[in-house]
>>> print(open('input-v6.csv').read())   # CSV, C-alpha atoms and all ligand atoms
chain,number,residue,atom,x,y,z
Z,1,MET,CA,5.9,13.8,-6.4
Z,2,LEU,CA,3.3,12.4,-8.8
Z,3,SER,CA,0.6,12.8,-6.2
Z,4,SER,CA,1.3,16.6,-6.0
Z,5,PHE,CA,1.4,16.6,-9.8
Z,6,TYR,CA,-2.1,15.2,-9.9
Z,7,ARG,CA,-3.3,17.5,-7.2
Z,8,ASN,CA,-2.4,20.4,-9.5
Z,9,MET,CA,-4.1,19.0,-12.6
Z,10,ARG,CA,-7.0,20.9,-14.1
Z,11,LEU,CA,-9.7,18.1,-14.0
Z,12,PRO,CA,-12.1,18.2,-11.1
Z,13,ARG,CA,-11.4,15.3,-8.8
Z,14,MET,CA,-14.2,12.7,-8.6
Z,15,SER,CA,-15.2,10.4,-5.8
Z,16,ALA,CA,-14.2,6.8,-6.4
Z,17,ALA,CA,-16.9,4.6,-7.7
Z,18,TYR,CA,-18.1,1.9,-5.4
Z,19,SER,CA,-21.0,-0.4,-4.9
Z,20,THR,CA,-23.7,0.2,-2.4
Z,21,ALA,CA,-22.3,-1.6,0.7
Z,22,ALA,CA,-21.2,1.1,3.2
Z,23,LYS,CA,-18.6,-0.7,5.2
Z,24,PRO,CA,-16.9,-3.4,3.2
Z,25,LYS,CA,-14.9,-6.2,4.7
Z,26,THR,CA,-13.1,-6.8,1.4
Z,27,ALA,CA,-12.3,-4.1,-1.2
Z,28,ILE,CA,-11.7,-5.1,-4.8
Z,29,VAL,CA,-9.8,-2.3,-6.5
Z,30,LEU,CA,-10.1,-2.6,-10.3
Z,31,LEU,CA,-7.1,-1.0,-12.1
Z,32,ASN,CA,-7.4,0.3,-15.6
Z,33,MET,CA,-6.2,3.2,-17.7
Z,34,GLY,CA,-9.7,4.8,-18.0
Z,35,GLY,CA,-10.9,7.0,-20.8
Z,36,PRO,CA,-12.5,10.5,-21.1
Z,37,LYS,CA,-16.2,10.4,-20.2
Z,38,THR,CA,-16.8,13.6,-22.1
Z,39,THR,CA,-14.8,15.4,-24.8
Z,40,ASP,CA,-13.9,18.1,-22.2
Z,41,GLN,CA,-11.6,15.6,-20.5
Z,42,VAL,CA,-9.7,14.6,-23.7
Z,43,GLY,CA,-6.9,17.3,-23.3
Z,44,ASP,CA,-6.1,16.4,-19.7
Z,45,TYR,CA,-6.3,12.6,-20.5
Z,46,LEU,CA,-3.8,12.9,-23.3
Z,47,HIS,CA,-1.6,15.2,-21.2
Z,48,ARG,CA,-1.4,12.6,-18.4
Z,49,ILE,CA,-0.6,9.8,-20.9
Z,50,MET,CA,2.1,11.7,-22.7
Z,51,THR,CA,3.8,12.8,-19.5
Z,52,ASP,CA,3.6,9.3,-17.9
Z,53,ARG,CA,7.1,7.8,-18.3
Z,54,ASP,CA,5.9,4.4,-17.2
Z,55,MET,CA,3.6,4.4,-20.2
Z,56,ILE,CA,5.7,6.1,-22.8
Z,57,GLN,CA,9.2,7.5,-22.9
Z,58,LEU,CA,10.0,10.5,-25.0
Z,59,PRO,CA,13.0,12.8,-25.3
Z,60,VAL,CA,12.5,15.9,-23.2
Z,61,GLN,CA,9.2,14.5,-22.1
Z,62,SER,CA,8.2,17.4,-19.9
Z,63,ARG,CA,8.0,19.6,-22.9
Z,64,LEU,CA,7.4,17.2,-25.8
Z,65,GLY,CA,4.7,15.2,-24.0
Z,66,PRO,CA,2.4,18.2,-23.4
Z,67,TRP,CA,3.1,19.5,-26.9
Z,68,ILE,CA,2.0,16.2,-28.5
Z,69,ALA,CA,-1.1,16.1,-26.2
Z,70,ARG,CA,-2.1,19.6,-27.3
Z,71,ARG,CA,-1.5,18.8,-30.9
Z,72,ARG,CA,-3.6,15.6,-30.8
Z,73,THR,CA,-6.5,16.9,-28.7
Z,74,ASP,CA,-8.8,18.1,-31.4
Z,75,GLU,CA,-8.3,15.0,-33.6
Z,76,VAL,CA,-9.0,12.7,-30.6
Z,77,LYS,CA,-12.0,14.8,-29.4
Z,78,LYS,CA,-13.5,14.3,-32.9
Z,79,LYS,CA,-13.1,10.5,-32.5
Z,80,TYR,CA,-14.8,10.5,-29.1
Z,81,GLU,CA,-17.6,12.6,-30.7
Z,82,GLU,CA,-18.0,9.9,-33.4
Z,83,ILE,CA,-18.5,7.2,-30.8
Z,84,GLY,CA,-21.2,9.1,-28.9
Z,85,GLY,CA,-19.2,11.8,-27.0
Z,86,GLY,CA,-17.1,9.8,-24.5
Z,87,SER,CA,-15.6,6.5,-23.5
Z,88,PRO,CA,-17.8,3.8,-22.0
Z,89,ILE,CA,-14.9,2.3,-20.0
Z,90,PHE,CA,-16.1,3.7,-16.7
Z,91,LYS,CA,-19.6,2.3,-17.2
Z,92,TRP,CA,-18.3,-1.1,-18.1
Z,93,THR,CA,-15.8,-1.3,-15.3
Z,94,GLU,CA,-18.3,-0.2,-12.7
Z,95,THR,CA,-20.8,-2.8,-14.0
Z,96,GLN,CA,-18.2,-5.5,-14.0
Z,97,GLY,CA,-17.2,-4.6,-10.4
Z,98,ARG,CA,-20.9,-4.7,-9.3
Z,99,LEU,CA,-21.6,-8.0,-10.9
Z,100,LEU,CA,-18.3,-9.4,-9.5
Z,101,THR,CA,-19.0,-8.4,-5.9
Z,102,ASP,CA,-22.6,-9.8,-6.2
Z,103,GLU,CA,-21.0,-13.1,-7.1
Z,104,LEU,CA,-18.4,-12.9,-4.4
Z,105,ASP,CA,-21.0,-12.2,-1.7
Z,106,LYS,CA,-22.7,-15.4,-2.7
Z,107,LYS,CA,-19.6,-17.5,-3.1
Z,108,LEU,CA,-17.6,-16.3,-0.1
Z,109,PRO,CA,-19.8,-15.1,2.9
Z,110,GLN,CA,-16.7,-15.3,5.1
Z,111,SER,CA,-15.1,-12.3,3.3
Z,112,ALA,CA,-18.4,-10.4,2.6
Z,113,PRO,CA,-19.4,-7.7,2.2
Z,114,HIS,CA,-17.2,-7.2,-0.9
Z,115,LYS,CA,-17.1,-3.8,-2.5
Z,116,SER,CA,-15.6,-2.8,-5.9
Z,117,TYR,CA,-13.7,0.4,-6.5
Z,118,VAL,CA,-12.7,1.7,-9.9
Z,119,ALA,CA,-9.1,3.1,-10.0
Z,120,PHE,CA,-8.1,4.8,-13.3
Z,121,ARG,CA,-4.7,6.0,-14.3
Z,122,TYR,CA,-5.5,8.9,-16.6
Z,123,VAL,CA,-9.1,10.1,-15.8
Z,124,PRO,CA,-11.1,10.2,-12.6
Z,125,PRO,CA,-11.6,8.3,-10.4
Z,126,PHE,CA,-7.8,8.4,-10.1
Z,127,THR,CA,-5.9,5.5,-8.5
Z,128,GLU,CA,-4.7,7.6,-5.5
Z,129,ASP,CA,-8.2,9.0,-4.8
Z,130,THR,CA,-9.6,5.6,-4.8
Z,131,PHE,CA,-7.0,4.3,-2.4
Z,132,GLN,CA,-7.8,7.2,-0.1
Z,133,ARG,CA,-11.5,6.2,-0.3
Z,134,VAL,CA,-10.7,2.6,0.4
Z,135,GLU,CA,-8.8,3.6,3.5
Z,136,GLN,CA,-11.6,5.9,4.7
Z,137,GLU,CA,-14.2,3.2,4.3
Z,138,GLY,CA,-12.2,0.8,6.4
Z,139,ALA,CA,-11.9,-2.5,4.5
Z,140,GLU,CA,-9.9,-5.2,6.3
Z,141,ARG,CA,-8.7,-6.8,3.1
Z,142,VAL,CA,-7.8,-5.1,-0.1
Z,143,VAL,CA,-7.3,-6.9,-3.4
Z,144,ILE,CA,-5.6,-4.9,-6.1
Z,145,PHE,CA,-7.0,-6.4,-9.3
Z,146,SER,CA,-5.6,-5.3,-12.7
Z,147,GLN,CA,-8.2,-5.2,-15.4
Z,148,TYR,CA,-5.4,-5.7,-18.0
Z,149,PRO,CA,-5.4,-9.6,-18.2
Z,150,GLN,CA,-1.9,-9.5,-19.7
Z,151,TYR,CA,0.8,-7.7,-17.7
Z,152,SER,CA,2.9,-4.9,-19.2
Z,153,CYS,CA,5.2,-2.6,-17.3
Z,154,ALA,CA,3.5,0.2,-19.3
Z,155,THR,CA,-0.1,-0.5,-18.2
Z,156,THR,CA,-0.6,-2.5,-15.0
Z,157,GLY,CA,3.0,-1.5,-14.0
Z,158,SER,CA,2.1,2.2,-14.4
Z,159,SER,CA,-1.1,1.8,-12.3
Z,160,LEU,CA,0.9,0.0,-9.6
Z,161,ASN,CA,3.5,2.7,-9.6
Z,162,ALA,CA,0.8,5.2,-8.9
Z,163,ILE,CA,-0.2,3.2,-5.8
Z,164,ALA,CA,3.4,3.2,-4.7
Z,165,ASP,CA,3.5,7.0,-5.2
Z,166,TYR,CA,0.4,7.4,-3.1
Z,167,PHE,CA,1.9,5.5,-0.2
Z,168,LYS,CA,5.1,7.5,-0.3
Z,169,GLU,CA,3.3,10.3,1.5
Z,170,ARG,CA,1.6,8.2,4.2
Z,171,PRO,CA,2.2,5.1,6.3
Z,172,ILE,CA,1.0,1.6,5.1
Z,173,PRO,CA,-1.9,0.7,7.3
Z,174,THR,CA,-0.9,-2.3,9.4
Z,175,ASN,CA,-4.4,-3.5,10.1
Z,176,VAL,CA,-5.2,-4.1,6.4
Z,177,GLN,CA,-4.2,-7.1,4.4
Z,178,PHE,CA,-3.2,-6.1,0.8
Z,179,SER,CA,-2.8,-8.5,-2.1
Z,180,MET,CA,-2.5,-8.3,-5.8
Z,181,ILE,CA,-3.7,-10.0,-8.9
Z,182,GLU,CA,-1.6,-8.6,-11.7
Z,183,ARG,CA,-2.1,-11.0,-14.6
Z,184,TRP,CA,-4.7,-13.6,-15.6
Z,185,ALA,CA,-4.0,-14.1,-19.3
Z,186,THR,CA,-4.8,-17.8,-19.5
Z,187,HIS,CA,-7.8,-18.1,-17.2
Z,188,PRO,CA,-10.0,-20.7,-18.9
Z,189,LEU,CA,-13.2,-18.7,-18.4
Z,190,LEU,CA,-11.6,-15.6,-20.0
Z,191,ALA,CA,-10.7,-17.8,-23.0
Z,192,GLN,CA,-14.2,-19.1,-23.0
Z,193,ALA,CA,-15.7,-15.6,-22.9
Z,194,HIS,CA,-13.6,-14.6,-25.9
Z,195,ALA,CA,-14.5,-17.8,-27.7
Z,196,THR,CA,-18.2,-17.1,-27.2
Z,197,ARG,CA,-17.8,-13.6,-28.6
Z,198,ILE,CA,-16.0,-15.0,-31.7
Z,199,ARG,CA,-18.6,-17.6,-32.2
Z,200,GLU,CA,-21.3,-14.9,-32.2
Z,201,LYS,CA,-19.6,-13.4,-35.2
Z,202,LEU,CA,-18.6,-16.6,-37.0
Z,203,ASP,CA,-22.3,-17.4,-37.1
Z,204,LYS,CA,-22.8,-14.3,-39.3
Z,205,PHE,CA,-20.8,-15.9,-42.1
Z,206,ASP,CA,-22.2,-18.3,-44.7
Z,207,ALA,CA,-21.9,-21.8,-43.5
Z,208,GLN,CA,-20.0,-22.8,-46.7
Z,209,ILE,CA,-17.1,-20.5,-45.9
Z,210,ARG,CA,-17.3,-20.3,-42.1
Z,211,SER,CA,-14.3,-22.5,-41.4
Z,212,ASP,CA,-12.1,-20.4,-43.8
Z,213,VAL,CA,-12.8,-17.1,-42.1
Z,214,LEU,CA,-9.6,-15.5,-41.0
Z,215,ILE,CA,-9.5,-14.7,-37.3
Z,216,LEU,CA,-7.3,-11.7,-36.6
Z,217,PHE,CA,-6.6,-11.3,-32.9
Z,218,THR,CA,-5.6,-7.6,-32.3
Z,219,ALA,CA,-4.0,-6.1,-29.3
Z,220,HIS,CA,-2.5,-2.7,-28.5
Z,221,SER,CA,1.1,-2.6,-29.8
Z,222,LEU,CA,4.1,-1.8,-27.6
Z,223,PRO,CA,7.3,0.0,-28.5
Z,224,LEU,CA,10.1,-2.4,-29.5
Z,225,LYS,CA,12.3,-0.8,-26.9
Z,226,ALA,CA,10.0,-2.2,-24.2
Z,227,VAL,CA,9.8,-5.6,-25.9
Z,228,SER,CA,13.6,-5.8,-26.1
Z,229,ARG,CA,13.8,-4.8,-22.4
Z,230,GLY,CA,11.8,-8.0,-21.7
Z,231,ASP,CA,8.2,-6.8,-21.1
Z,232,THR,CA,6.1,-10.0,-20.7
Z,233,TYR,CA,3.1,-8.5,-22.5
Z,234,PRO,CA,3.7,-10.0,-26.0
Z,235,HIS,CA,3.9,-13.5,-24.8
Z,236,GLU,CA,1.0,-13.1,-22.4
Z,237,VAL,CA,-1.2,-11.8,-25.2
Z,238,ALA,CA,-0.1,-14.8,-27.3
Z,239,ALA,CA,-1.0,-17.1,-24.5
Z,240,THR,CA,-4.6,-15.7,-24.4
Z,241,VAL,CA,-4.8,-16.2,-28.1
Z,242,ALA,CA,-3.7,-19.8,-27.8
Z,243,ALA,CA,-6.1,-20.5,-24.9
Z,244,THR,CA,-9.0,-18.8,-26.8
Z,245,MET,CA,-8.4,-20.9,-30.0
Z,246,ALA,CA,-8.2,-24.1,-27.9
Z,247,SER,CA,-11.6,-23.1,-26.3
Z,248,LEU,CA,-13.1,-22.2,-29.6
Z,249,GLY,CA,-12.2,-25.6,-31.2
Z,250,VAL,CA,-12.4,-24.5,-34.8
Z,251,PRO,CA,-9.9,-25.1,-37.6
Z,252,ASN,CA,-9.9,-21.4,-38.8
Z,253,PRO,CA,-6.6,-19.7,-39.7
Z,254,HIS,CA,-5.7,-17.1,-37.2
Z,255,ARG,CA,-3.0,-14.5,-36.4
Z,256,LEU,CA,-2.0,-12.1,-33.7
Z,257,VAL,CA,-1.6,-8.5,-35.0
Z,258,TRP,CA,-1.0,-5.1,-33.2
Z,259,GLN,CA,-2.9,-1.8,-33.3
Z,260,SER,CA,-2.8,1.8,-32.0
Z,261,LYS,CA,0.9,2.6,-32.6
Z,262,VAL,CA,1.8,6.2,-31.6
Z,263,GLY,CA,4.8,8.3,-32.8
Z,264,PRO,CA,7.7,7.6,-35.1
Z,265,LEU,CA,9.7,4.9,-33.2
Z,266,PRO,CA,9.3,1.2,-34.1
Z,267,TRP,CA,6.6,-0.8,-32.4
Z,268,LEU,CA,5.6,-4.4,-32.3
Z,269,GLN,CA,4.3,-5.6,-35.8
Z,270,PRO,CA,2.5,-6.7,-37.9
Z,271,TYR,CA,0.0,-3.8,-37.6
Z,272,THR,CA,-3.7,-4.6,-37.8
Z,273,ASP,CA,-4.4,-2.2,-40.7
Z,274,ASP,CA,-1.5,-3.5,-42.7
Z,275,ALA,CA,-2.5,-7.1,-42.0
Z,276,ILE,CA,-6.1,-6.5,-43.2
Z,277,LYS,CA,-4.8,-4.9,-46.5
Z,278,ASP,CA,-2.2,-7.6,-47.2
Z,279,TYR,CA,-4.4,-10.5,-46.3
Z,280,SER,CA,-7.1,-9.1,-48.6
Z,281,LYS,CA,-4.5,-9.0,-51.4
Z,282,LYS,CA,-3.6,-12.6,-50.7
Z,283,GLY,CA,-7.3,-13.6,-51.2
Z,284,HIS,CA,-8.6,-13.7,-47.6
Z,285,LYS,CA,-11.8,-11.8,-48.1
Z,286,HIS,CA,-13.7,-12.8,-44.9
Z,287,MET,CA,-12.3,-11.8,-41.5
Z,288,ILE,CA,-13.1,-11.3,-37.8
Z,289,LEU,CA,-11.2,-8.8,-35.7
Z,290,VAL,CA,-10.9,-9.9,-32.1
Z,291,PRO,CA,-9.8,-7.4,-29.5
Z,292,ILE,CA,-7.9,-9.9,-27.3
Z,293,ALA,CA,-6.4,-7.6,-24.7
Z,294,PHE,CA,-9.3,-5.4,-23.8
Z,295,VAL,CA,-12.1,-6.5,-21.4
Z,296,ASN,CA,-14.5,-3.7,-22.3
Z,297,GLU,CA,-15.3,-1.4,-25.2
Z,298,HIS,CA,-13.4,1.8,-25.6
Z,299,ILE,CA,-12.0,4.1,-28.3
Z,300,GLU,CA,-9.6,1.5,-29.8
Z,301,THR,CA,-12.5,-0.9,-30.4
Z,302,LEU,CA,-15.4,1.5,-31.1
Z,303,HIS,CA,-13.4,3.9,-33.3
Z,304,GLU,CA,-10.2,2.3,-34.5
Z,305,LEU,CA,-11.6,-1.2,-35.2
Z,306,ASP,CA,-15.2,-0.5,-36.0
Z,307,ILE,CA,-15.0,2.8,-37.9
Z,308,GLU,CA,-11.4,3.1,-39.2
Z,309,TYR,CA,-10.8,-0.6,-40.1
Z,310,CYS,CA,-14.2,-2.3,-40.5
Z,311,ASP,CA,-16.2,0.6,-42.1
Z,312,GLU,CA,-13.4,2.3,-44.0
Z,313,LEU,CA,-10.2,0.4,-44.6
Z,314,ALA,CA,-11.7,-3.1,-45.2
Z,315,LYS,CA,-14.0,-1.6,-47.9
Z,316,GLU,CA,-11.1,0.1,-49.6
Z,317,ALA,CA,-9.0,-3.1,-49.4
Z,318,GLY,CA,-11.8,-5.1,-51.1
Z,319,VAL,CA,-12.7,-7.3,-48.1
Z,320,ALA,CA,-16.0,-9.0,-48.7
Z,321,GLN,CA,-17.1,-9.4,-45.1
Z,322,ILE,CA,-15.5,-8.3,-41.9
Z,323,GLU,CA,-16.9,-8.6,-38.4
Z,324,ARG,CA,-15.6,-7.4,-35.0
Z,325,ALA,CA,-16.0,-9.6,-32.0
Z,326,ALA,CA,-17.4,-7.8,-28.9
Z,327,THR,CA,-15.2,-7.4,-25.9
Z,328,PRO,CA,-16.2,-9.4,-22.8
Z,329,ASN,CA,-18.1,-6.5,-21.1
Z,330,ASP,CA,-20.8,-8.0,-18.9
Z,331,HIS,CA,-21.0,-11.4,-20.5
Z,332,PRO,CA,-21.9,-13.9,-17.7
Z,333,THR,CA,-18.9,-16.1,-18.6
Z,334,PHE,CA,-16.6,-13.2,-18.2
Z,335,ILE,CA,-18.1,-12.2,-14.8
Z,336,ALA,CA,-17.7,-15.8,-13.8
Z,337,ALA,CA,-14.0,-15.6,-14.7
Z,338,LEU,CA,-13.6,-12.5,-12.6
Z,339,ALA,CA,-15.4,-14.1,-9.7
Z,340,ASP,CA,-13.3,-17.3,-9.9
Z,341,ILE,CA,-10.0,-15.4,-10.1
Z,342,VAL,CA,-10.8,-13.3,-7.0
Z,343,ALA,CA,-12.5,-16.1,-5.0
Z,344,THR,CA,-9.5,-18.4,-5.6
Z,345,HIS,CA,-7.2,-15.6,-4.6
Z,346,LEU,CA,-9.1,-14.8,-1.5
Z,347,LYS,CA,-9.4,-18.4,-0.4
Z,348,SER,CA,-5.6,-18.7,-0.5
Z,349,ASP,CA,-5.9,-16.7,2.8
Z,350,THR,CA,-2.6,-15.0,2.7
Z,351,PRO,CA,-1.6,-11.5,1.6
Z,352,ARG,CA,0.1,-12.2,-1.7
Z,353,VAL,CA,2.5,-10.8,-4.3
Z,354,SER,CA,3.8,-13.1,-7.0
Z,355,LYS,CA,7.4,-13.8,-7.7
Z,356,GLN,CA,6.6,-13.2,-11.3
Z,357,PHE,CA,5.7,-9.6,-10.5
Z,358,LEU,CA,8.7,-9.1,-8.2
Z,359,THR,CA,11.1,-10.1,-11.0
Z,360,ARG,CA,12.1,-7.1,-13.1
Z,361,CYS,CA,12.5,-7.2,-16.9
Z,362,PRO,CA,16.0,-8.5,-17.7
Z,363,HIS,CA,17.2,-5.2,-19.1
Z,364,CYS,CA,15.3,-2.9,-16.8
Z,365,VAL,CA,17.5,-0.2,-15.3
Z,366,SER,CA,14.7,1.9,-13.9
Z,367,PRO,CA,15.1,2.9,-10.3
Z,368,ARG,CA,11.3,3.5,-10.3
Z,369,CYS,CA,10.7,-0.1,-11.1
Z,370,GLN,CA,13.0,-1.2,-8.3
Z,371,MET,CA,11.2,1.2,-5.9
Z,372,SER,CA,7.9,-0.1,-6.9
Z,373,LYS,CA,8.8,-3.8,-6.6
Z,374,ASN,CA,10.2,-3.2,-3.1
Z,375,PHE,CA,7.2,-1.3,-2.1
Z,376,PHE,CA,4.7,-4.0,-3.1
Z,377,LYS,CA,6.9,-6.6,-1.4
Z,378,ARG,CA,6.3,-4.7,1.8
Z,379,LEU,CA,2.6,-3.8,1.1
Z,380,CYS,CA,1.5,-7.3,0.2
Z,381,GLY,CA,3.9,-9.1,2.5
Z,382,ILE,CA,2.7,-7.4,5.7
Z,383,ASN,CA,0.1,-9.3,7.6
Z,384,VAL,CA,-1.3,-8.5,11.0
Z,385,ASN,CA,1.6,-10.1,12.7
Z,386,ARG,CA,3.9,-8.1,10.5
Z,387,GLU,CA,5.5,-11.3,9.1
Z,388,PRO,CA,6.7,-11.1,5.5
Z,389,ILE,CA,4.9,-13.5,3.1
Z,390,VAL,CA,5.9,-14.0,-0.5
Z,391,THR,CA,4.1,-16.8,-2.4
Z,392,ASN,CA,5.3,-19.0,-5.2
Z,393,SER,CA,2.6,-18.2,-7.8
A,1,LIG,FE1,9.8,-3.9,-16.7
A,1,LIG,FE2,11.3,-2.1,-15.2
A,1,LIG,S1,10.6,-2.0,-17.3
A,1,LIG,S2,10.4,-4.0,-14.6
>>> encode(input="input-v6.csv", output="structure tokens", more="lines below")
Ligand code: FES
Amino acid sequence: MLSSFYRNMRLPRMSAAYSTAAKPKTAIVLLNMGGPKTTDQVGDYLHRIMTDRDMIQLPVQSRLGPWIARRRTDEVKKKYEEIGGGSPIFKWTETQGRLLTDELDKKLPQSAPHKSYVAFRYVPPFTEDTFQRVEQEGAERVVIFSQYPQYSCATTGSSLNAIADYFKERPIPTNVQFSMIERWATHPLLAQAHATRIREKLDKFDAQIRSDVLILFTAHSLPLKAVSRGDTYPHEVAATVAATMASLGVPNPHRLVWQSKVGPLPWLQPYTDDAIKDYSKKGHKHMILVPIAFVNEHIETLHELDIEYCDELAKEAGVAQIERAATPNDHPTFIAALADIVATHLKSDTPRVSKQFLTRCPHCVSPRCQMSKNFFKRLCGINVNREPIVTNS
């Protein structure tokens, strides 16, 4: 049903992005939400988010969702104009995929050539179009690799549901081995990449006060309803924070705060903007904001953090110096993290789906989640001998 929904959408469909190898042996499909490349795409992007019940649940969503999207379009367009006219998330994801597959070709000749594909949820290249492309190009092995290091049913879960929807209308190819990497919040090289980004900013503070600079880790918030249902995102984000601080090895005070709340319902707190204001009142006048759940720059870092919080709010709140750590982007340590995660996964030599993924949130009552878990059990559990495999990880 969602596939036909997307077919009727207004945006022109785009070819999936992929590296130069024509016939890959191994496809690495990079899942993410995506962002509008140009301001013309903003309306459709918001429409898709607001009507995606995996991402956000609203009363009478089929009417209220499009209404909210229309109402917010001009304001959001203006924000994209202020960061240069569009989101860089496609550019970064494509670059990360290319660098990742270059590494994999060197590390693992037995599964080469590797080819990366970008699969976005709310803008082209759409997840279902990318899967069609992967099938057409004939990879023998497909690794579904979420680019959200911390799993949430609202983000990675939504992208995976889109894959399940795609296969509702077609048979699962039995000559392809599928597997999934759906979370990697505590990978040591991810923590090291974040730590390096923080150190770059710590160095900008006077050496006399450097160890007192407050490090505010900030991540996209989540509705409390989802938290209470048992979504694993909050504790996975906290795990990345702990791993990053351990890698950084500094005594600085630090906290995890939450940004980008939408709508009137309660979301996970403390909010990033409130934390900046209240810490300033408490005498913390030197801070670093660290986007800990994003692997590349996009509107929430370039506009919300850089412009709204660092340029405007921090000044009003009397903060003396505030810096924002860069996201991992194409940092070599981050690319090494991606390569290590995928290489380790491929070397395990079995189609895989984790028990952690297959276990639903304790209070989940969604038939869609049940459908999706069952689907991935079949998709990733089928090998060429059609024997089901479920691993322990
Ligand atoms: Fe988490 Fe359904 S909401 S598994």
>>> residues_near_ligand(input="input-v6.csv", ligand="ligand LIG 1 (chain A)", cutoff="8 Å", atoms="only C-alpha atoms and all ligand atoms", output="PDB file with C-alpha atoms, keeping the file's coordinate frame")
ATOM      1  CA  ASP Z  54       5.900   4.400 -17.200  1.00  0.00           C
ATOM      2  CA  SER Z 152       2.900  -4.900 -19.200  1.00  0.00           C
ATOM      3  CA  CYS Z 153       5.200  -2.600 -17.300  1.00  0.00           C
ATOM      4  CA  ALA Z 154       3.500   0.200 -19.300  1.00  0.00           C
ATOM      5  CA  GLY Z 157       3.000  -1.500 -14.000  1.00  0.00           C
ATOM      6  CA  ALA Z 226      10.000  -2.200 -24.200  1.00  0.00           C
ATOM      7  CA  ARG Z 229      13.800  -4.800 -22.400  1.00  0.00           C
ATOM      8  CA  GLY Z 230      11.800  -8.000 -21.700  1.00  0.00           C
ATOM      9  CA  ASP Z 231       8.200  -6.800 -21.100  1.00  0.00           C
ATOM     10  CA  THR Z 359      11.100 -10.100 -11.000  1.00  0.00           C
ATOM     11  CA  ARG Z 360      12.100  -7.100 -13.100  1.00  0.00           C
ATOM     12  CA  CYS Z 361      12.500  -7.200 -16.900  1.00  0.00           C
ATOM     13  CA  PRO Z 362      16.000  -8.500 -17.700  1.00  0.00           C
ATOM     14  CA  HIS Z 363      17.200  -5.200 -19.100  1.00  0.00           C
ATOM     15  CA  CYS Z 364      15.300  -2.900 -16.800  1.00  0.00           C
ATOM     16  CA  VAL Z 365      17.500  -0.200 -15.300  1.00  0.00           C
ATOM     17  CA  SER Z 366      14.700   1.900 -13.900  1.00  0.00           C
ATOM     18  CA  PRO Z 367      15.100   2.900 -10.300  1.00  0.00           C
ATOM     19  CA  ARG Z 368      11.300   3.500 -10.300  1.00  0.00           C
ATOM     20  CA  CYS Z 369      10.700  -0.100 -11.100  1.00  0.00           C
ATOM     21  CA  GLN Z 370      13.000  -1.200  -8.300  1.00  0.00           C
TER      22      GLN Z 370
END
>>> residues_around(input="input-v6.csv", residues="Thr232 of chain Z", least_positions_apart="3", cutoff="7 Å", atoms="all atoms listed in the file", output="JSON, numbers by chain")
{"Z": [151, 152, 235, 236]}
>>> residues_around(input="input-v6.csv", residues="Ile307 of chain Z", least_positions_apart="6", cutoff="9 Å", atoms="all atoms listed in the file", output="MDAnalysis selection string")
chainID Z and resid 82 301 313
>>> atom_distance(input="input-v6.csv", atom1="atom CA of Asp212 of chain Z", atom2="atom CA of Pro253 of chain Z")
6.9 Å
>>> atom_distance(input="input-v6.csv", atom1="atom CA of Phe375 of chain Z", atom2="atom CA of Gln132 of chain Z")
17.4 Å
>>> residues_around(input="input-v6.csv", residues="segment 330-341 of chain Z", least_positions_apart="4", cutoff="12 Å", atoms="only C-alpha atoms", output="ChimeraX atom specification")
/Z:28,30,89,91-108,114,116,143,145-149,180-197,295-297,326,345-348
>>> atom_distance(input="input-v6.csv", atom1="atom CA of Val342 of chain Z", atom2="atom CA of Lys25 of chain Z")
14.3 Å
>>> residues_around(input="input-v6.csv", residues="Gly35 of chain Z", least_positions_apart="4", cutoff="8 Å", atoms="all atoms listed in the file", output="number ranges by chain")
Z: 45, 86-90, 122-123, 298
>>> residues_near_point(input="input-v6.csv", point="(-0.1, -6.8, -31.3)", cutoff="9 Å", atoms="all atoms listed in the file", output="number ranges by chain")
Z: 217-222, 234, 237-238, 256-259, 268-272
>>> residues_around(input="input-v6.csv", residues="Lys204 of chain Z", least_positions_apart="3", cutoff="10 Å", atoms="all atoms listed in the file", output="NGL selection string")
:Z and (199-201 or 207 or 210 or 321-323)
>>> residues_near_point(input="input-v6.csv", point="(-6.2, -6.5, 2.2)", cutoff="7 Å", atoms="all atoms listed in the file", output="PDB file with C-alpha atoms, in the coordinates of the input")
ATOM      1  CA  THR Z  26     -13.100  -6.800   1.400  1.00  0.00           C
ATOM      2  CA  GLU Z 140      -9.900  -5.200   6.300  1.00  0.00           C
ATOM      3  CA  ARG Z 141      -8.700  -6.800   3.100  1.00  0.00           C
ATOM      4  CA  VAL Z 142      -7.800  -5.100  -0.100  1.00  0.00           C
ATOM      5  CA  VAL Z 143      -7.300  -6.900  -3.400  1.00  0.00           C
ATOM      6  CA  VAL Z 176      -5.200  -4.100   6.400  1.00  0.00           C
ATOM      7  CA  GLN Z 177      -4.200  -7.100   4.400  1.00  0.00           C
ATOM      8  CA  PHE Z 178      -3.200  -6.100   0.800  1.00  0.00           C
ATOM      9  CA  SER Z 179      -2.800  -8.500  -2.100  1.00  0.00           C
ATOM     10  CA  PRO Z 351      -1.600 -11.500   1.600  1.00  0.00           C
TER      11      PRO Z 351
END
>>> closest_residue(input="input-v6.csv", among="Z:Gln57, Z:Asn161, Z:Thr38, Z:Gln110", to="Leu265 of chain Z", atoms="all atoms listed in the file")
Z:Gln57
>>> closest_residue(input="input-v6.csv", among="Z:Met33, Z:Ile56, Z:Val353, Z:Ile49", to="Arg70 of chain Z", atoms="all atoms listed in the file")
Z:Ile49
>>> closest_residue(input="input-v6.csv", among="Z:Leu358, Z:Ala119, Z:Val76, Z:Ala314", to="Val29 of chain Z", atoms="only C-alpha atoms")
Z:Ala119
>>> closest_residue(input="input-v6.csv", among="Z:Leu31, Z:Val262, Z:Met287, Z:Val213", to="Pro124 of chain Z", atoms="only C-alpha atoms")
Z:Leu31
